[in-house]
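**Student:** One structure follows; several queries about it will come next.
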Amino acid sequence: MPRAPIALIILGALTFNFMTGFHDAANAIATSVLTRALSIPTAVGLAAVLNLAGAMVNESVATTIGKGIVASSFITEQIVLAALVGTVIWLFITWRLGLPTSCSHTIIGAIIGAASAASAQVSVSSGMLDWSYNYGIFNFAGLKKIFLALLLSPVVGLVLGFAVMILLLHIFARSNPSILNRYFRRLQVISASLMAFSHGSNDAQNAMGIITMALVSGGYLNAFFIPTWVKIISAVALSLGTAAGGWRIIKTLGRNLITLKPIHGFAAETTGALVIQACTQIGAPVSTTHVISSAIMGVGISRRLTGVRWKVAGQIIMAWVLTLPITALLAAVSYWLLGFFF
């Protein structure tokens with residue numbers, strides 16, 4: 001069977017990272033824009049530069065994506081390409097609907113779906129995989145870390161966002177609101193910068209892991225390591241996507257979820273950056289969308305339960321729940337369709 005061209009896979013991975021930047025630009029800048037701490041052009045430019053910087057400083061998440069989901073010996077170029085096709089389709093759909101969706105969830109679900117479709121074909125045709133006595137193609141040690149991080153990080157974001165906001169309210173309880181807003185509007189430049197840097201250090205590595213996975217599978221690399229040129233092109237693609245913006249999602253994440261003031265934006269962004277950085281250090285891919293959305297909800301709850309617009313929150317949560325199974329299905333169908341060409 002002909003192999004999927006490596007150039008096509010690299011193009012697909014860069015498209016995915018571009019869409020990640022475009023889709024997730026809101027994660028870093030929504031609160032700063034909607035509290036008027038930063039103008040849209042300034043916020044987008046700042047996020048793009050810091051996404052680029054963050055993407056170059058770590059590769060632990062890329063290693064988890066490339067080696068921690070599916071056994072390297074089983075990966076083929078067709079699996080990688082099918083995963084990318086499923087990912088891009090779902091990101092486009094959710095962007096059109098204005099729904100913040102986890103790009104990390106999307107690519108993880110797609111890899112699982114494409115690999116499952118491939119393993120089913122192999123099992124039927126040759127019996128090479130015996131699901132009755134082993135774990136098959138999946139690295140459950142890596143998946144355990146991935147799923148724990150994906151499940152727990154929003155919870156931590158919610159609780160920590162609530163705690164940080166309560167702490168700030170106690171510290172500045174006697175402060176003049178107008179003066180307080182002025183100071184926190186300035187502090188938001190720092191918190192938005194931390195959030196953008198953290199976003200780049202975690203999400204940019206998804207494409208790095210995918211490209212390296214394909215290079216190892218195709219025999220272009222003898223062992224799994226992230227080449228410098230892969231880091232650079234992945235980081236640039238994410239940065240360009242961030243520069244392109246994503247106002248639909250910024251509106252949903254900020255204005256439609258809660259009414260934000262600078263102190264709330266600072267609390268949410270600081271919380272999000274701390275949680276994402278902690279996960280990045282242990283090589284766990286997390287959803288920056290989930291983390292910042294949960295942090296915003298935690299900040300809103302600190303005011304009162306009605307401080308969060310729960311209908312909008314419910315729509316976001318529904319998108320989260322659907323992401324893994326839908327992307328897995330899209331990637332599995334893509335794998336089957338690509339079989340006619342490769």
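Just so we're on the same page: first chain in the structure tokens is A, next is B, and so on; residues restart at 1 for each chain, and ligands are numbered from 1 in the order they show up.
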So that I can check the surroundings of A:Gln281, please list as a list of chain:residue names every protein, DNA and RNA residue that reaches within 12 Å of it, counting only C-alpha atoms and ignoring chain neighbours fewer than 6 positions away.
**Tutor:**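 Contacts, with the query itself left out: A:Val57, A:Asn58, A:Glu59, A:Ser60, A:Val61, A:Ala62, A:Thr64, A:Ala149, A:Ser198, A:Ser201, A:Asn202, A:Leu274, A:Val275.
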**Student:** What does the file look like for those residues with C-alpha atoms, as a PDB file, in the first residue's frame?
**Tutor:**
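Result went into selection06.pdb, see below:
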```
ATOM      1  CA  VAL A  57      11.113  26.168  25.734  1.00  0.00           C
ATOM      2  CA  ASN A  58       9.763  22.669  26.367  1.00  0.00           C
ATOM      3  CA  GLU A  59       9.142  19.399  24.542  1.00  0.00           C
ATOM      4  CA  SER A  60       7.760  17.102  27.257  1.00  0.00           C
ATOM      5  CA  VAL A  61       4.177  17.418  26.024  1.00  0.00           C
ATOM      6  CA  ALA A  62       5.251  16.672  22.446  1.00  0.00           C
ATOM      7  CA  THR A  64       3.689  12.431  25.432  1.00  0.00           C
ATOM      8  CA  ALA A 149      -4.684  15.794  33.424  1.00  0.00           C
ATOM      9  CA  SER A 198       1.715  28.989  28.948  1.00  0.00           C
ATOM     10  CA  SER A 201       4.402  25.992  25.931  1.00  0.00           C
ATOM     11  CA  ASN A 202       1.633  23.374  26.030  1.00  0.00           C
ATOM     12  CA  LEU A 274      -0.432  28.413  36.872  1.00  0.00           C
ATOM     13  CA  VAL A 275      -2.444  25.273  36.104  1.00  0.00           C
TER      14      VAL A 275
END
```
**Student:** Using only C-alpha atoms, what table do you get, as a Markdown table, when you list each residue of stretch 15-117 of chain A with an atom no more than 12 Å from stretch 331-334 of chain A, its nearest pair of atoms, and their distance in Å rounded to one decimal, rows by chain then rising number?
**Tutor:**
```
| residue | atom | partner | partner_atom | distance |
| --- | --- | --- | --- | --- |
| A:Gln78 | CA | A:Ser334 | CA | 9.4 |
| A:Ile79 | CA | A:Ala331 | CA | 8.4 |
| A:Val80 | CA | A:Ala331 | CA | 9.3 |
| A:Leu81 | CA | A:Ser334 | CA | 8.5 |
| A:Ala82 | CA | A:Ser334 | CA | 5.1 |
| A:Ala83 | CA | A:Ala331 | CA | 4.9 |
| A:Leu84 | CA | A:Ala331 | CA | 7.6 |
| A:Val85 | CA | A:Ala331 | CA | 6.6 |
| A:Gly86 | CA | A:Ala331 | CA | 4.3 |
| A:Thr87 | CA | A:Ala331 | CA | 7.4 |
| A:Val88 | CA | A:Ala331 | CA | 9.9 |
| A:Ile89 | CA | A:Ala331 | CA | 9.4 |
| A:Trp90 | CA | A:Ala331 | CA | 9.9 |
| A:Thr106 | CA | A:Ala331 | CA | 10.0 |
| A:Ile107 | CA | A:Ala331 | CA | 9.4 |
| A:Ile108 | CA | A:Ala331 | CA | 10.5 |
| A:Gly109 | CA | A:Ala331 | CA | 8.3 |
| A:Ala110 | CA | A:Ala331 | CA | 5.1 |
| A:Ile111 | CA | A:Ala331 | CA | 7.3 |
| A:Ile112 | CA | A:Ala331 | CA | 8.3 |
| A:Gly113 | CA | A:Ala332 | CA | 4.9 |
| A:Ala114 | CA | A:Ala332 | CA | 4.5 |
| A:Ala115 | CA | A:Ala332 | CA | 7.7 |
| A:Ser116 | CA | A:Ala332 | CA | 7.2 |
| A:Ala117 | CA | A:Ala332 | CA | 5.2 |
```
**Student:** Here is a test: counting only C-alpha atoms, which residue of A:Lys67, A:His105, A:Ser217, A:Ala273 is nearest to A:Pro325?
**Tutor:**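 Closest to A:Pro325, using only C-alpha atoms: A:His105.
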**Student:** Pick the closest to A:Val236 from A:Met56, A:Ala278, A:Leu215, A:Ala30: which is it, counting only C-alpha atoms?
**Tutor:**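 The closest residue to A:Val236 is A:Met56.
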**Student:** Between A:Trp229, A:Thr76, A:Cys103, A:Val164, single out the one closest to A:Tyr335, counting only C-alpha atoms.
**Tutor:**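 Of A:Trp229, A:Thr76, A:Cys103, A:Val164, the one nearest A:Tyr335 is A:Thr76, counting only C-alpha atoms.
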**Student:** Given the choices A:Asn181, A:Ser73, A:Ser239, A:Thr20, which gets closest to A:Ser287 if the distance is worked out from only C-alpha atoms?
**Tutor:**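 Closest to A:Ser287, using only C-alpha atoms: A:Thr20.
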**Student:** Figure out the distance between atom CA of A:Pro41 and atom CA of A:Val189, please, to one decimal in Å.
**Tutor:** 13.4 Å
**Student:** Using DSSP on the backbone coordinates, identify the residues of stretch 125-219 of chain A assigned to alpha helix (DSSP H); present them as a ChimeraX atom specification.
**Tutor:** /A:125-126,140-171,177-217
**Student:** With distances taken over only C-alpha atoms, which residue among A:Leu221, A:Ile166, A:Ala284, A:Ile232 lies nearest A:Val299?
**Tutor:**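 When distances to A:Val299 are compared using only C-alpha atoms, the smallest one comes from A:Ile166.
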**Student:** Just want the 10 Å neighbourhood of A:Ala235, counted on only C-alpha atoms, with same-chain residues fewer than 6 positions away dropped. Output as a ChimeraX atom specification.
**Tutor:** /A:14,17-18,21,48-49,51-56,200-201,203-205,207-208,229,241
**Student:** My list of candidates is A:His170, A:His199, A:His23, A:Lys261. Which is closest to A:Arg185 when distances are computed with only C-alpha atoms?
**Tutor:**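 For A:Arg185, the nearest of the given residues is A:Lys261.
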**Student:** Would you list the contacts of A:Ile292 as a list in words, taking every protein, DNA or RNA residue within 7 Å and counting only C-alpha atoms, but skipping same-chain residues closer than 4 positions in sequence?
**Tutor:**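 Answer for this query is Asn27, Ala268, Glu269, Gly272, Thr288 and Ile296 of chain A.
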